[in-house]
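The structure appears below as structure tokens.
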Amino acid sequence: MLIPYRPATMSIMRSKPRFIIIHDASCMYPEIEKVSIDSKLPQTFSSRLFNWIISGQSDLNYHYMVERVGQDYESFLGRPLDRLCIYKDIPDQINSRAIHIGMIGKYDKQIPTPRFYLQIAYRIIIPNMHLFGIPYGNIYFHNDLSEKHKECPGLFFKKSLFMSKLKSLPIR
Ligand SMILES: [Zn+2]
């Protein structure tokens, strides 16, 4: 099945992004175990298909998706970077300029590996910090900003560990 592209159904990001927000699968479709477990097969397309069937949106509610593929991790585009993701629980002044990253997996069950932290930092966060001048202080976990999603991105995804991996890489 090919999901149609529907860019007109998504709001445009009118200013350059200033924030990065990290999620796990717990806030996307908590009831669908298939997209939340660590699978040997890529799950981004399955997530997109569920999203299309459930919400009629052809793009995921994350700009980037990160998941394990075979022996390593890969990053995919979930939604065009110039379109807003929808989070009514996140203050609009932040969400209107936010890049969202969704990690396949539930990190209240799985413990992320150092390589996983590093891959997200290296492939997604550092380039966006560099291109858009985003400071370290503007990198949030969903639960930093939301009263509704206190469990996202999961207890085992540690912010202090993630930030130390991020700061181990040069920004330019
Ligand atoms: Zn979330």
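In the structure tokens, chains take the letters A, B, ... in the order shown, each chain's residues start at 1, and ligands count up from 1 in the order shown.
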Restrict the calculation to only C-alpha atoms and all ligand atoms, then for each residue of chain A with any atom at most 9 Å from an atom of ligand 1 give the closest atom pair and their distance in Å to one decimal, rows by chain and rising residue number, as a Markdown table.
```
| residue | atom | partner | partner_atom_place_in_ligand_line | distance |
| --- | --- | --- | --- | --- |
| A:Ile21 | CA | ligand 1 | 1 (Zn) | 8.2 |
| A:Ile22 | CA | ligand 1 | 1 (Zn) | 6.8 |
| A:His23 | CA | ligand 1 | 1 (Zn) | 4.0 |
| A:Asp24 | CA | ligand 1 | 1 (Zn) | 6.0 |
| A:Ala25 | CA | ligand 1 | 1 (Zn) | 7.3 |
| A:Ser26 | CA | ligand 1 | 1 (Zn) | 6.8 |
| A:Cys27 | CA | ligand 1 | 1 (Zn) | 4.5 |
| A:Met28 | CA | ligand 1 | 1 (Zn) | 6.9 |
| A:Tyr87 | CA | ligand 1 | 1 (Zn) | 8.8 |
| A:His100 | CA | ligand 1 | 1 (Zn) | 8.7 |
| A:Ile101 | CA | ligand 1 | 1 (Zn) | 8.8 |
| A:Gly102 | CA | ligand 1 | 1 (Zn) | 7.5 |
| A:Phe141 | CA | ligand 1 | 1 (Zn) | 7.7 |
| A:His142 | CA | ligand 1 | 1 (Zn) | 4.8 |
| A:Asn143 | CA | ligand 1 | 1 (Zn) | 7.2 |
| A:Ser146 | CA | ligand 1 | 1 (Zn) | 8.6 |
| A:His149 | CA | ligand 1 | 1 (Zn) | 6.3 |
| A:Lys150 | CA | ligand 1 | 1 (Zn) | 8.6 |
| A:Glu151 | CA | ligand 1 | 1 (Zn) | 8.0 |
| A:Cys152 | CA | ligand 1 | 1 (Zn) | 4.7 |
| A:Pro153 | CA | ligand 1 | 1 (Zn) | 6.0 |
```
(message) Need the shell around Leu49 (chain A): protein/DNA/RNA residues with any atom at most 10 Å away, counting only C-alpha atoms. Skip same-chain ones fewer than 2 positions apart. Format as a list in words?
(response)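 Residues near the query, excluding close chain neighbours: Met1, Leu2, Ile3, Gln43, Thr44, Phe45, Ser46, Ser47, Asn51, Trp52, Ile53, Ile54, Ser55, Gly56, Gln57, Ser58, Asp59 and Leu60 of chain A.
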(message) Ranking A:Asp108, A:Asp89, A:Asp144, A:Glu74 by minimum distance to Lys159 (chain A) and counting only C-alpha atoms, which one comes first?
(response)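 Checking each candidate against Lys159 (chain A), we get A:Asp144 as the closest.
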(message) When you look at Ser75 (chain A) with a cut-off of 8 Å (counting only C-alpha atoms), what residues show up, excluding the ones that are within fewer than 3 positions of it in the same chain? I need them as a ChimeraX atom specification.
(response) /A:64-67,120,123-124
(request) Write down as a list in words the residues belonging to region 13-151 of chain A that are assigned strand (DSSP E or B) by DSSP computed on the backbone. (result) Phe19, Ile20, Ile21, Ile22, His23, Asp24, Tyr64, Met65, Val66, Glu67, Arg68, Val69, Asp72, Tyr73, Glu74, Ser75, Phe76, Leu77, Arg83, Ala98, Ile99, His100, Ile101, Gly102, Met103, Ile139, Tyr140 and Phe141 of chain A
Output C-alpha atoms for every residue in the selection just made, as a PDB file, in the first residue's frame.
```pdb
ATOM      1  CA  PHE A  19      13.807  23.553  19.936  1.00  0.00           C
ATOM      2  CA  ILE A  20      14.311  19.792  19.705  1.00  0.00           C
ATOM      3  CA  ILE A  21      11.939  17.445  21.550  1.00  0.00           C
ATOM      4  CA  ILE A  22      12.595  13.723  22.070  1.00  0.00           C
ATOM      5  CA  HIS A  23       9.901  11.030  22.419  1.00  0.00           C
ATOM      6  CA  ASP A  24       9.612   7.269  22.540  1.00  0.00           C
ATOM      7  CA  TYR A  64      12.583  12.075  12.576  1.00  0.00           C
ATOM      8  CA  MET A  65      12.211   8.429  13.551  1.00  0.00           C
ATOM      9  CA  VAL A  66      15.056   6.448  15.053  1.00  0.00           C
ATOM     10  CA  GLU A  67      15.162   2.703  15.331  1.00  0.00           C
ATOM     11  CA  ARG A  68      17.345  -0.369  15.292  1.00  0.00           C
ATOM     12  CA  VAL A  69      17.778  -1.927  11.866  1.00  0.00           C
ATOM     13  CA  ASP A  72      22.830  -0.841  14.105  1.00  0.00           C
ATOM     14  CA  TYR A  73      20.479   2.144  14.397  1.00  0.00           C
ATOM     15  CA  GLU A  74      19.068   4.267  11.590  1.00  0.00           C
ATOM     16  CA  SER A  75      17.266   7.597  11.348  1.00  0.00           C
ATOM     17  CA  PHE A  76      14.336   8.187   9.026  1.00  0.00           C
ATOM     18  CA  LEU A  77      12.228  11.206   8.151  1.00  0.00           C
ATOM     19  CA  ARG A  83       5.657  21.148   8.643  1.00  0.00           C
ATOM     20  CA  ALA A  98      10.116  22.470  17.434  1.00  0.00           C
ATOM     21  CA  ILE A  99      11.750  19.522  15.718  1.00  0.00           C
ATOM     22  CA  HIS A 100      10.332  16.264  17.109  1.00  0.00           C
ATOM     23  CA  ILE A 101      12.288  13.016  17.253  1.00  0.00           C
ATOM     24  CA  GLY A 102      10.439   9.734  17.834  1.00  0.00           C
ATOM     25  CA  MET A 103      12.282   6.608  18.939  1.00  0.00           C
ATOM     26  CA  ILE A 139      16.778  20.266  23.805  1.00  0.00           C
ATOM     27  CA  TYR A 140      13.865  18.775  25.718  1.00  0.00           C
ATOM     28  CA  PHE A 141      12.337  15.442  26.486  1.00  0.00           C
TER      29      PHE A 141
END
```
(message) Could you check the closest approach to Pro42 (chain A) for each of A:Gln71, A:Pro127, A:Phe132, A:Pro170 and tell me which residue wins, using only C-alpha atoms?
(response) A:Gln71
(request) Find the residues around Tyr107 (chain A) up to 6 Å (only C-alpha atoms counted), leave out those fewer than 4 positions away in its own chain, and share them as a PyMOL selection string. (result) chain A and resi 154+156-157
Expected file contents, prior selection, C-alpha atoms, as an mmCIF file, in the first residue's frame:
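As written to disk, again_19.cif reads:
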```
data_model
loop_
_atom_site.group_PDB
_atom_site.id
_atom_site.type_symbol
_atom_site.label_atom_id
_atom_site.label_comp_id
_atom_site.auth_asym_id
_atom_site.auth_seq_id
_atom_site.Cartn_x
_atom_site.Cartn_y
_atom_site.Cartn_z
ATOM 1 C CA GLY A 154 10.627 6.397 29.372
ATOM 2 C CA PHE A 156 15.497 4.303 31.179
ATOM 3 C CA PHE A 157 16.203 6.986 28.586
#
```
(message) Among chain A, which ones does DSSP assign to helix (DSSP H, G or I) (computed from the backbone)? Answer as a PyMOL selection string.
(response) chain A and resi 7-9+25-27+33-35+44-55+92-95+114-132+136-138+142-145+159-167
(request) Please measure the separation of CA of Pro112 (chain A) and CA of Met163 (chain A), giving the value in Å to one decimal. (result)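 Straight-line distance from CA of Pro112 (chain A) to CA of Met163 (chain A) works out to 13.7 Å.
Counting from CA of Pro114 (chain A), the distance to CA of Gly78 (chain A) is 23.2 Å.
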(request) Kindly give the distance, in Å, that separates CA of Ile104 (chain A) and CA of Tyr117 (chain A), rounded to a single decimal. (result) 13.0 Å
